[in-house]
Amino acid sequence: MDLLHKQLDALQRQLSFVAVDPIDWKFYVQVFSWSVSLFEAYLLLRQYPLYSKTEPPAALAQHFSKDEFLKSQKYGKDKAKFSLFSGLYKQIIDSAFLHYGLYAWSWTAAGKITAKLGYGPEYEITQSLFFAFVLFLLSSLPSIPLSLYSTFVLEEKHGFNKTTPALFVTDLIKGWGVGIVLGAPFLAAFLYIFQWAGTRFVPWLMGFMISFQLIMVILYPTVIQPLFNKLSPLAQGDLRTRIEALASKLKFPLKHLYEIDGSKRSSHSNAYFFGLPWSKHIVIFDTLIQQSRPEEVEAVLAHELGHWYYLHPTKMMAISQLHVFSVLATFPAFMHAPPLLRAFDFPKAIAARPPTIVAFLLFQMILTPVEAVVSILLNAVSRHFEWQADAFACELQDKLQAKEMEDMGDRLGRALIQLHVKNLSTVWVDWLYSAYHHSHPTLTERLKGLETFKVQRAKKAL
Ligand SMILES: [Zn+2]
């Protein structure tokens with residue numbers, strides 16, 4: 001522990017200028033965030049002309065009817081236009097928030113609310129909770145029109161929307177409810193650890209965040225997800241038998257096998273697993289079951305179980321912990337830095353003793369460009385995991401000595417094509433756009449990959 005703190009202290013000394021130098025942080029954040037937004041807009045403009053192509057890539061030509069392909073192009077075009085607009089709209093609002101000193105205003109407003117309730121400024125955590133609430137309201141209200149448009153105009157037009165206005169409103173209220181019920185205690189505990197552990201908060205906060213994530217692994221499927229969707233046991237039949245057999249051959253600790261009514265909101269489809277190491281649950285979207293044959297859904301599950309076999313979720317979590325650790329390790333330099341708050345229009349009296357939540361929020365904004373790079377790296381890791389999981393499905397026949405799994409790769413290929421066709425997913429993708437945004441390889445890349453695995457295996461067999 002001491003070694004850790006020594007290293008952390010050394011890092012703080014390197015960054016000690018933050019606490020004294022009057023740097024124009026606000027200007028930097030404006031420049032950074034606009035650069036990221038404009039770069040994203042540039043990516044969309046690179047991708048956009050591809051939606052005008054009239055033929056699918058050669059590898060997919062036989063799987064798409066002309067009509068389906070053109071539908072997917074139209075859908076892609078509409079979504080791209082919407083992304084371009086919504087990206088710039090959000091950026092303009094964020095930029096205006098910064099420009100007009102809205103963060104400082106929100107802190108003062110939260111202070112007034114706390115004072116009305118009879119608490120003074122010494123109740124920093126109470127005021128922080130109201131601050132978070134005020135900011136949450138201010139930032140989520142402008143995005144409601146976007147999500148209304150996306151659901152009831154864009155998705156509706158292309159035949160995906162199943163959400164009714166009543167469901168939209170209840171989803172929104174439930175979402176806010178869950179956010180407050182879970183978010184407020186989380187934030188209070190988070191801030192309390194800072195107060196209690198002083199400058200040595202890093203290991204404590206890491207421990208707290210990991211515990212919180214583990215609790216969420218249990219709470220999310222049992223308490224939160226059922227608020228929004230109905231999970232029912234998958235009916236007896238071919239599909240269930242196949243998946244149970246696959247799970248038991250792989251020694252996957254399958255506890256429950258569910259079908260989820262994803263079709264309640266949208267006809268996009270998928271499958272996933274979750275749970276603790278010794279008790280896992282598999283969830284399959286009803287839409288996937290309706291769209292694909294049992295042997296194809298089995299192949300999708302074979303891919304999913306590949307993620308489990310290679311410990312992908314655990315590895316991802318480890319990487320994200322490392323990320324959180326580096327963020328937290330850098331934070332103390334920004335924690336007691338009056339010039340930072342002054343740069344964002346906070347009054348002198350508040351800037352002199354920065355509230356932790358405010359310092360942390362401003363620090364996060366300063367990290368925008370770093371976060372953009374991190375997300376590109378995370379996508380690259382995730383794409384690598386997708387390859388591994390696809391390869392896993394193809395190798396099952398050897399791993400399990402199961403002749404009947406010989407065609408798993410082909411079945412997976414068919415299922416992926418089906419998913420793409422039914423979801424009207426884009427098949428022409430600009431490489432830079434894909435590198436930045438996509439956590440999965442494109443369909444063409446994956447089909448090529450599946451084909452390569454097959455060839456390699458045949459060579460090995462010779
Ligand atoms: Zn996957």
# chains A, B, ... in the order shown; residues from 1 in each chain; ligands from 1

$ residues_around --residues "Arg383 of chain A" --least-positions-apart "4" --cutoff "9 Å" --atoms "only C-alpha atoms" --output "PyMOL selection string"
chain A and resi 378-379+387-388+438-441

$ write_last_selection --atoms "N, CA and C atoms" --output "PDB file, in the first residue's frame"
ATOM      1  N   LEU A 378     -10.574   0.519 -26.561  1.00  0.00           N
ATOM      2  CA  LEU A 378     -11.501  -0.482 -26.035  1.00  0.00           C
ATOM      3  C   LEU A 378     -12.248  -1.180 -27.166  1.00  0.00           C
ATOM      4  N   ASN A 379     -12.627  -0.418 -28.182  1.00  0.00           N
ATOM      5  CA  ASN A 379     -13.297  -1.023 -29.336  1.00  0.00           C
ATOM      6  C   ASN A 379     -12.397  -2.029 -30.028  1.00  0.00           C
ATOM      7  N   TRP A 387     -13.562 -11.816 -32.685  1.00  0.00           N
ATOM      8  CA  TRP A 387     -12.873 -12.807 -33.520  1.00  0.00           C
ATOM      9  C   TRP A 387     -12.713 -14.108 -32.770  1.00  0.00           C
ATOM     10  N   GLN A 388     -12.212 -13.969 -31.523  1.00  0.00           N
ATOM     11  CA  GLN A 388     -11.953 -15.165 -30.721  1.00  0.00           C
ATOM     12  C   GLN A 388     -13.234 -15.974 -30.529  1.00  0.00           C
ATOM     13  N   HIS A 438     -17.189   1.102 -33.860  1.00  0.00           N
ATOM     14  CA  HIS A 438     -17.721  -0.256 -33.756  1.00  0.00           C
ATOM     15  C   HIS A 438     -16.982  -1.154 -32.783  1.00  0.00           C
ATOM     16  N   SER A 439     -17.751  -1.801 -31.913  1.00  0.00           N
ATOM     17  CA  SER A 439     -17.165  -2.769 -30.997  1.00  0.00           C
ATOM     18  C   SER A 439     -17.161  -4.158 -31.636  1.00  0.00           C
ATOM     19  N   HIS A 440     -17.805  -4.303 -32.799  1.00  0.00           N
ATOM     20  CA  HIS A 440     -17.833  -5.582 -33.509  1.00  0.00           C
ATOM     21  C   HIS A 440     -17.239  -5.411 -34.900  1.00  0.00           C
ATOM     22  N   PRO A 441     -16.580  -6.460 -35.420  1.00  0.00           N
ATOM     23  CA  PRO A 441     -16.135  -6.377 -36.818  1.00  0.00           C
ATOM     24  C   PRO A 441     -17.378  -6.268 -37.708  1.00  0.00           C
TER      25      PRO A 441
END

$ residues_near_ligand --ligand "ligand 1" --cutoff "9 Å" --atoms "only C-alpha atoms and all ligand atoms" --output "PDB file with N, CA and C atoms, in the first residue's frame"
ATOM      1  N   TYR A 272     -27.701 -12.821 -24.968  1.00  0.00           N
ATOM      2  CA  TYR A 272     -26.559 -12.555 -24.083  1.00  0.00           C
ATOM      3  C   TYR A 272     -26.623 -13.430 -22.836  1.00  0.00           C
ATOM      4  N   VAL A 300     -25.411 -18.828 -32.513  1.00  0.00           N
ATOM      5  CA  VAL A 300     -25.232 -17.517 -31.861  1.00  0.00           C
ATOM      6  C   VAL A 300     -24.814 -17.729 -30.408  1.00  0.00           C
ATOM      7  N   HIS A 303     -21.218 -18.763 -30.056  1.00  0.00           N
ATOM      8  CA  HIS A 303     -20.369 -17.566 -30.064  1.00  0.00           C
ATOM      9  C   HIS A 303     -20.375 -16.906 -28.677  1.00  0.00           C
ATOM     10  N   GLU A 304     -21.570 -16.720 -28.105  1.00  0.00           N
ATOM     11  CA  GLU A 304     -21.675 -16.082 -26.784  1.00  0.00           C
ATOM     12  C   GLU A 304     -20.889 -16.873 -25.741  1.00  0.00           C
ATOM     13  N   LEU A 305     -21.003 -18.198 -25.787  1.00  0.00           N
ATOM     14  CA  LEU A 305     -20.294 -19.016 -24.804  1.00  0.00           C
ATOM     15  C   LEU A 305     -18.782 -18.957 -25.035  1.00  0.00           C
ATOM     16  N   GLY A 306     -18.378 -18.626 -26.251  1.00  0.00           N
ATOM     17  CA  GLY A 306     -16.962 -18.383 -26.526  1.00  0.00           C
ATOM     18  C   GLY A 306     -16.464 -17.209 -25.689  1.00  0.00           C
ATOM     19  N   HIS A 307     -17.297 -16.169 -25.573  1.00  0.00           N
ATOM     20  CA  HIS A 307     -16.930 -15.027 -24.722  1.00  0.00           C
ATOM     21  C   HIS A 307     -16.726 -15.497 -23.285  1.00  0.00           C
ATOM     22  N   SER A 382     -12.366  -5.123 -27.982  1.00  0.00           N
ATOM     23  CA  SER A 382     -13.638  -5.818 -28.117  1.00  0.00           C
ATOM     24  C   SER A 382     -13.747  -6.528 -29.473  1.00  0.00           C
ATOM     25  N   ARG A 383     -13.246  -5.883 -30.535  1.00  0.00           N
ATOM     26  CA  ARG A 383     -13.302  -6.536 -31.856  1.00  0.00           C
ATOM     27  C   ARG A 383     -12.446  -7.796 -31.871  1.00  0.00           C
ATOM     28  N   PHE A 385     -11.928  -9.691 -29.305  1.00  0.00           N
ATOM     29  CA  PHE A 385     -12.701 -10.704 -28.579  1.00  0.00           C
ATOM     30  C   PHE A 385     -13.764 -11.329 -29.488  1.00  0.00           C
ATOM     31  N   GLU A 386     -14.361 -10.515 -30.349  1.00  0.00           N
ATOM     32  CA  GLU A 386     -15.383 -11.050 -31.261  1.00  0.00           C
ATOM     33  C   GLU A 386     -14.779 -12.103 -32.185  1.00  0.00           C
ATOM     34  N   TRP A 387     -13.562 -11.816 -32.685  1.00  0.00           N
ATOM     35  CA  TRP A 387     -12.873 -12.807 -33.520  1.00  0.00           C
ATOM     36  C   TRP A 387     -12.713 -14.108 -32.770  1.00  0.00           C
ATOM     37  N   GLN A 388     -12.212 -13.969 -31.523  1.00  0.00           N
ATOM     38  CA  GLN A 388     -11.953 -15.165 -30.721  1.00  0.00           C
ATOM     39  C   GLN A 388     -13.234 -15.974 -30.529  1.00  0.00           C
ATOM     40  N   ALA A 389     -14.340 -15.276 -30.259  1.00  0.00           N
ATOM     41  CA  ALA A 389     -15.597 -15.982 -30.004  1.00  0.00           C
ATOM     42  C   ALA A 389     -16.101 -16.656 -31.284  1.00  0.00           C
ATOM     43  N   ASP A 390     -15.925 -16.006 -32.420  1.00  0.00           N
ATOM     44  CA  ASP A 390     -16.315 -16.634 -33.696  1.00  0.00           C
ATOM     45  C   ASP A 390     -15.466 -17.880 -33.937  1.00  0.00           C
ATOM     46  N   HIS A 440     -17.805  -4.303 -32.799  1.00  0.00           N
ATOM     47  CA  HIS A 440     -17.833  -5.582 -33.509  1.00  0.00           C
ATOM     48  C   HIS A 440     -17.239  -5.411 -34.900  1.00  0.00           C
TER      49      HIS A 440
END

$ residues_around --residues "segment 237-241 of chain A" --least-positions-apart "5" --cutoff "12 Å" --atoms "only C-alpha atoms" --output "compact mmCIF listing (two decimals) with C-alpha atoms, in the first residue's frame"
# COMPACT_ATOMS: atom_id res chain seq x y z
CA LEU A 246 -24.20 -27.22 -25.50
CA ALA A 247 -23.95 -25.63 -22.05
CA SER A 248 -23.46 -28.95 -20.29
CA LEU A 254 -26.36 -22.59 -16.76
CA HIS A 256 -31.76 -20.26 -16.08
CA LEU A 257 -32.56 -19.99 -19.74
CA TYR A 258 -34.83 -17.06 -20.54
CA GLU A 259 -36.65 -15.57 -23.44
CA ILE A 282 -28.78 -16.95 -20.78
CA VAL A 283 -31.27 -14.54 -22.31
CA ILE A 284 -32.48 -14.77 -25.89
CA LEU A 288 -34.12 -13.72 -32.62
CA ILE A 289 -36.10 -16.91 -31.93
CA GLN A 290 -38.77 -15.87 -34.41
CA SER A 292 -33.79 -17.73 -37.01
CA ARG A 293 -33.92 -21.53 -36.92
CA PRO A 294 -33.00 -23.32 -33.65
CA GLU A 295 -29.66 -24.55 -35.06
CA GLU A 296 -28.77 -20.97 -36.01
CA VAL A 297 -29.73 -19.57 -32.61
CA GLU A 298 -27.59 -22.36 -31.14
CA ALA A 299 -24.65 -21.06 -33.20
CA VAL A 300 -25.23 -17.52 -31.86
CA LEU A 301 -25.12 -19.00 -28.37

$ atom_distance --atom1 "atom CA of Ala80 of chain A" --atom2 "atom CA of Leu44 of chain A"
6.5 Å

$ residues_around --residues "Thr444 of chain A" --least-positions-apart "2" --cutoff "12 Å" --atoms "only C-alpha atoms" --output "mmCIF file with N, CA and C atoms, in the first residue's frame"
data_model
loop_
_atom_site.group_PDB
_atom_site.id
_atom_site.type_symbol
_atom_site.label_atom_id
_atom_site.label_comp_id
_atom_site.auth_asym_id
_atom_site.auth_seq_id
_atom_site.Cartn_x
_atom_site.Cartn_y
_atom_site.Cartn_z
ATOM 1 N N PRO A 56 -24.875 -4.537 -52.760
ATOM 2 C CA PRO A 56 -24.127 -4.950 -51.563
ATOM 3 C C PRO A 56 -22.732 -5.444 -51.935
ATOM 4 N N PRO A 57 -21.806 -5.556 -50.941
ATOM 5 C CA PRO A 57 -20.481 -6.113 -51.251
ATOM 6 C C PRO A 57 -20.643 -7.507 -51.862
ATOM 7 N N ALA A 58 -19.695 -7.879 -52.723
ATOM 8 C CA ALA A 58 -19.816 -9.132 -53.474
ATOM 9 C C ALA A 58 -20.089 -10.333 -52.570
ATOM 10 N N ALA A 59 -19.401 -10.366 -51.410
ATOM 11 C CA ALA A 59 -19.548 -11.519 -50.517
ATOM 12 C C ALA A 59 -20.976 -11.678 -49.997
ATOM 13 N N LEU A 60 -21.741 -10.565 -50.034
ATOM 14 C CA LEU A 60 -23.088 -10.614 -49.456
ATOM 15 C C LEU A 60 -24.177 -10.645 -50.512
ATOM 16 N N ALA A 61 -23.759 -10.470 -51.766
ATOM 17 C CA ALA A 61 -24.733 -10.275 -52.841
ATOM 18 C C ALA A 61 -25.819 -11.357 -52.837
ATOM 19 N N HIS A 63 -27.016 -13.033 -50.423
ATOM 20 C CA HIS A 63 -27.854 -13.126 -49.227
ATOM 21 C C HIS A 63 -28.878 -12.005 -49.105
ATOM 22 N N GLY A 413 -22.688 -17.962 -39.532
ATOM 23 C CA GLY A 413 -22.701 -17.042 -40.670
ATOM 24 C C GLY A 413 -24.132 -16.733 -41.106
ATOM 25 N N LEU A 416 -25.842 -14.541 -38.543
ATOM 26 C CA LEU A 416 -25.366 -13.149 -38.596
ATOM 27 C C LEU A 416 -25.984 -12.417 -39.776
ATOM 28 N N ILE A 417 -26.056 -13.113 -40.908
ATOM 29 C CA ILE A 417 -26.654 -12.482 -42.090
ATOM 30 C C ILE A 417 -28.120 -12.160 -41.814
ATOM 31 N N HIS A 420 -28.438 -9.205 -39.617
ATOM 32 C CA HIS A 420 -28.144 -7.983 -40.362
ATOM 33 C C HIS A 420 -29.291 -7.596 -41.276
ATOM 34 N N SER A 425 -29.032 -3.622 -40.835
ATOM 35 C CA SER A 425 -27.734 -3.050 -40.476
ATOM 36 C C SER A 425 -26.949 -2.687 -41.728
ATOM 37 N N THR A 426 -26.093 -1.677 -41.544
ATOM 38 C CA THR A 426 -25.292 -1.199 -42.658
ATOM 39 C C THR A 426 -24.259 -2.240 -43.085
ATOM 40 N N VAL A 427 -24.106 -2.485 -44.366
ATOM 41 C CA VAL A 427 -23.100 -3.448 -44.798
ATOM 42 C C VAL A 427 -21.866 -2.791 -45.413
ATOM 43 N N TRP A 428 -22.013 -1.564 -45.896
ATOM 44 C CA TRP A 428 -20.849 -0.828 -46.393
ATOM 45 C C TRP A 428 -20.352 0.072 -45.284
ATOM 46 N N VAL A 429 -19.130 -0.137 -44.814
ATOM 47 C CA VAL A 429 -18.651 0.659 -43.686
ATOM 48 C C VAL A 429 -17.267 1.236 -43.969
ATOM 49 N N HIS A 440 -17.805 -4.303 -32.799
ATOM 50 C CA HIS A 440 -17.833 -5.582 -33.509
ATOM 51 C C HIS A 440 -17.239 -5.411 -34.900
ATOM 52 N N PRO A 441 -16.580 -6.460 -35.420
ATOM 53 C CA PRO A 441 -16.135 -6.377 -36.818
ATOM 54 C C PRO A 441 -17.378 -6.268 -37.708
ATOM 55 N N THR A 442 -17.210 -5.770 -38.924
ATOM 56 C CA THR A 442 -18.373 -5.662 -39.808
ATOM 57 C C THR A 442 -18.782 -7.055 -40.279
ATOM 58 N N ARG A 446 -16.571 -10.483 -40.680
ATOM 59 C CA ARG A 446 -16.831 -11.685 -39.883
ATOM 60 C C ARG A 446 -17.052 -12.901 -40.777
ATOM 61 N N LEU A 447 -17.779 -12.710 -41.876
ATOM 62 C CA LEU A 447 -18.012 -13.843 -42.783
ATOM 63 C C LEU A 447 -16.693 -14.314 -43.379
ATOM 64 N N LYS A 448 -15.844 -13.342 -43.735
ATOM 65 C CA LYS A 448 -14.518 -13.693 -44.253
ATOM 66 C C LYS A 448 -13.751 -14.472 -43.207
ATOM 67 N N GLY A 449 -13.825 -13.998 -41.952
ATOM 68 C CA GLY A 449 -13.148 -14.662 -40.839
ATOM 69 C C GLY A 449 -13.625 -16.097 -40.682
ATOM 70 N N LEU A 450 -14.941 -16.282 -40.703
ATOM 71 C CA LEU A 450 -15.502 -17.627 -40.546
ATOM 72 C C LEU A 450 -14.985 -18.551 -41.648
ATOM 73 N N GLU A 451 -14.906 -17.991 -42.845
ATOM 74 C CA GLU A 451 -14.412 -18.769 -43.985
ATOM 75 C C GLU A 451 -12.936 -19.152 -43.761
#

$ select_by_dssp --residues "segment 218-342 of chain A" --states "alpha helix (DSSP H)" --output "ChimeraX atom specification"
/A:218-219,225-228,238-250,286-291,294-309,312-330,332-335,338-342

$ residues_around --residues "Leu38 of chain A" --least-positions-apart "5" --cutoff "12 Å" --atoms "only C-alpha atoms" --output "list in words"
Gln30, Val31, Phe32, Ser33, Leu43, Leu44, Leu45, Leu84, Phe85, Gly87, Leu88, Tyr89, Lys90, Gln91 and Ile92 of chain A
